[in-house]
Amino acid sequence: MIMKIDDINSCSSSFLNYAVLYKEEVDSTNLWIKQLAKEGAPEGTVTIADAQTAGRGRLGRVWASEGGHSVYMSILLRPQIAPEQASMLTLAAGLAAAKACDQIYKMHTDANAPVSSAQIKWPNDVVLSGKKVCGILTEMGMDGAKIAYVVVGIGINVNAEAFPEEIRHTATSLALESGVQISREEVIKAVLTEFDHCYKQFLETGNLANLLLEYNEMLVNRNREIRVLDPKGEYGGVAAGINEKGELIVNKKDGTCTEVYAGEVSVRGIYGYV
Ligand code: BTN
C-alpha cells in the first residue's frame with residue numbers, strides 16, 4: 001500500500017465521522033465518490049487515490065494526476081441546505097485546505113529561512129509564494145429540488161518536483177517551497193481536521209459569516225488589482241474581499257462596485273496568476 005490509510009482513519013474529527021477509502025489508481029476520486037453517494041454512502045466518506053487517470057479541474061480543465069507524489073482526495077457531504085448555498089462550501093473547503101497547507105509548510109520550513117504564508121486565490125485555489133499548490137472542484141448531486149450530496153474534491157501538490165511547461169510558472173508544491181519531502185498522510189490528516197472545523201462553522205449559519213474574517217485575511221487578491229474573466233465580458237477592478245455569500249467584492253474603475261459569483265468566473269492578477 002502506497003499510503004498508510006490506517007493512520008489517516010485515526011484522524012481526529014469531532015463533527016464529521018470520516019471513513020477513508022483508498023485505491024492506488026482511479027479515474028477520478030470525485031467520480032468514484034459520486035458513485036458511492038448514489039449507492040447510499042454516508043456523509044464523511046472520503047476517497048483517496050495515489051493516481052488519477054481522468055483527474056478533473058474547475059471550468060472543465062484537466063487536473064494532471066500522476067502517482068507517487070501528490071494528494072487526490074474527495075469528501076462526501078449531505079448538507080441540508082438549499083442548492084444556492086452549496087457554492088459557499090467550496091470557499092469553506094478552500095479555507096480549510098489553505099490552513100492545512102500553511103500549517104504543514106511552516107512545520108517543515110527552517111525557522112531561519114524566509115517564510116511566506118499560504119494564501120487563497122478566490123474562490124478556492126491555495127497559493128504559496130504566488131503559485132498554486134492546491135485546487136478544489138466541488139460538485140453537487142440533486143434529488144428533485146433538494147441536494148442529495150455535495151462532493152468536495154481536493155488536489156494538493158505535495159512532493160512534485162517539476163510541472164508541465166504550460167503551468168511551470170504558476171504551479172508549485174509543498175516540498176518545493178519548504179525544501180523537504182512531506183508525508184502525504186500528514187497533509188491529508190491536516191486537511192480533514194481543518195475541513196471538519198470549517199464545515200461545522202458553515203453549517204451553523206448556512207453562510208460564510210463565521211469564516212469571513214479568516215478567509216479575507218488569507219485572500220491573496222485583497223486590495224489588489226485584478227481582471228475578472230467573466231464569459232459575458234472581461235473587466236478590471238480592485239478586489240476588496242468576499243461577502244458572507246462568498247462573492248468577491250470588486251471596486252470597478254468606473255467607481256461602481258460589483259459582487260462576483262464564482263460559478264463560471266475566474267480572476268487573474270494584472271501581472272500574472274495572482
Ligand atoms: C482546479 O483547481 O481546477 C480544481 C482541481 C481539483 C482536483 C481534485 S484532485 C481530487 C478530485 N478528483 C478530481 O478529479 N478532481 C479533484
# chains A, B, ... in the order shown; residues from 1 in each chain; ligands from 1
>>> residues_near_ligand(ligand="ligand 1", cutoff="7 Å", atoms="only C-alpha atoms and all ligand atoms", output="PyMOL selection string")
chain A and resi 28-31+54-59+61+63+72-74+125+134-137+153-155
>>> write_last_selection(atoms="N, CA, C and O atoms", output="tab-separated table (two decimals), in the first residue's frame")
chain	number	residue	atom	x	y	z
A	28	SER	N	-11.14	9.19	-11.28
A	28	SER	CA	-11.17	10.46	-10.54
A	28	SER	C	-11.79	10.15	-9.16
A	28	SER	O	-12.80	9.43	-9.10
A	29	THR	N	-11.20	10.66	-8.11
A	29	THR	CA	-11.78	10.40	-6.78
A	29	THR	C	-13.17	11.04	-6.67
A	29	THR	O	-14.02	10.56	-5.92
A	30	ASN	N	-13.43	12.11	-7.45
A	30	ASN	CA	-14.77	12.71	-7.45
A	30	ASN	C	-15.78	11.76	-8.10
A	30	ASN	O	-16.89	11.58	-7.58
A	31	LEU	N	-15.40	11.15	-9.24
A	31	LEU	CA	-16.32	10.22	-9.91
A	31	LEU	C	-16.57	9.00	-9.02
A	31	LEU	O	-17.70	8.52	-8.89
A	54	ALA	N	-8.15	10.26	-14.93
A	54	ALA	CA	-9.01	11.28	-15.54
A	54	ALA	C	-9.31	12.37	-14.51
A	54	ALA	O	-10.48	12.71	-14.26
A	55	GLY	N	-8.25	12.90	-13.89
A	55	GLY	CA	-8.41	13.95	-12.88
A	55	GLY	C	-9.05	15.18	-13.50
A	55	GLY	O	-8.69	15.59	-14.61
A	56	ARG	N	-10.03	15.75	-12.80
A	56	ARG	CA	-10.78	16.87	-13.37
A	56	ARG	C	-10.60	18.13	-12.55
A	56	ARG	O	-10.58	18.10	-11.32
A	57	GLY	N	-10.50	19.26	-13.25
A	57	GLY	CA	-10.33	20.54	-12.59
A	57	GLY	C	-11.55	21.42	-12.79
A	57	GLY	O	-12.53	21.01	-13.40
A	58	ARG	N	-11.50	22.64	-12.27
A	58	ARG	CA	-12.59	23.60	-12.43
A	58	ARG	C	-12.71	24.02	-13.89
A	58	ARG	O	-11.74	23.96	-14.64
A	59	LEU	N	-13.86	24.51	-14.24
A	59	LEU	CA	-14.13	25.08	-15.57
A	59	LEU	C	-13.76	24.11	-16.69
A	59	LEU	O	-13.21	24.50	-17.72
A	61	ARG	N	-11.41	21.89	-16.92
A	61	ARG	CA	-10.00	21.63	-17.18
A	61	ARG	C	-9.59	20.24	-16.71
A	61	ARG	O	-10.30	19.61	-15.93
A	63	TRP	N	-6.96	17.86	-14.54
A	63	TRP	CA	-6.05	18.00	-13.40
A	63	TRP	C	-5.02	16.88	-13.52
A	63	TRP	O	-5.33	15.71	-13.32
A	72	TYR	N	-4.78	13.31	-3.97
A	72	TYR	CA	-6.04	13.43	-4.71
A	72	TYR	C	-7.11	12.86	-3.80
A	72	TYR	O	-7.08	11.66	-3.50
A	73	MET	N	-7.99	13.68	-3.30
A	73	MET	CA	-8.98	13.22	-2.32
A	73	MET	C	-10.33	13.90	-2.53
A	73	MET	O	-10.40	15.02	-3.02
A	74	SER	N	-11.40	13.19	-2.15
A	74	SER	CA	-12.74	13.77	-2.24
A	74	SER	C	-13.51	13.45	-0.97
A	74	SER	O	-13.37	12.36	-0.40
A	125	ASP	N	-8.37	28.45	-4.88
A	125	ASP	CA	-7.01	27.93	-5.12
A	125	ASP	C	-6.17	28.29	-3.90
A	125	ASP	O	-6.30	29.39	-3.36
A	134	CYS	N	-2.66	23.97	-4.54
A	134	CYS	CA	-3.86	23.14	-4.31
A	134	CYS	C	-5.05	23.70	-5.07
A	134	CYS	O	-5.24	24.92	-5.13
A	135	GLY	N	-5.85	22.81	-5.65
A	135	GLY	CA	-7.08	23.21	-6.34
A	135	GLY	C	-8.25	22.38	-5.84
A	135	GLY	O	-8.06	21.25	-5.38
A	136	ILE	N	-9.45	22.94	-5.92
A	136	ILE	CA	-10.64	22.27	-5.39
A	136	ILE	C	-11.76	22.28	-6.41
A	136	ILE	O	-12.06	23.32	-7.01
A	137	LEU	N	-12.38	21.12	-6.62
A	137	LEU	CA	-13.53	21.00	-7.52
A	137	LEU	C	-14.71	20.48	-6.72
A	137	LEU	O	-14.68	19.36	-6.21
A	153	GLY	N	-13.75	17.86	-4.00
A	153	GLY	CA	-12.54	17.18	-4.49
A	153	GLY	C	-11.33	18.10	-4.34
A	153	GLY	O	-11.35	19.24	-4.78
A	154	ILE	N	-10.29	17.58	-3.69
A	154	ILE	CA	-9.13	18.41	-3.37
A	154	ILE	C	-7.86	17.79	-3.94
A	154	ILE	O	-7.58	16.61	-3.71
A	155	GLY	N	-7.12	18.56	-4.72
A	155	GLY	CA	-5.85	18.09	-5.26
A	155	GLY	C	-4.72	18.95	-4.70
A	155	GLY	O	-4.77	20.18	-4.83
>>> residues_around(residues="range 219-229 of chain A", least_positions_apart="5", cutoff="8 Å", atoms="only C-alpha atoms", output="list in words")
Gln119, Ile120, Lys121, Trp122, Glu234, Tyr235, Gly236, Gly237, Val238, Ala239, Ala240, Gly241, Val265, Ser266, Val267, Arg268, Gly269, Ile270 and Val274 of chain A
>>> select_by_dssp(residues="range 52-265 of chain A", states="alpha helix (DSSP H)", output="MDAnalysis selection string")
chainID A and resid 86:107 174:178 184:205 212:218
>>> closest_residue(among="A:His169, A:Asp110, A:Tyr273, A:Leu77", to="Thr138 in chain A", atoms="only C-alpha atoms")
A:Leu77
>>> select_by_dssp(residues="range 31-273 of chain A", states="strand (DSSP E)", output="PyMOL selection string")
chain A and resi 45-52+71-77+119-121+125-128+131-143+146-156+225-229+235-242+248-252+257-260+266-269
>>> closest_residue(among="A:Met218, A:Ala175, A:Cys198, A:Ile249", to="Val133 in chain A", atoms="only C-alpha atoms")
A:Ala175
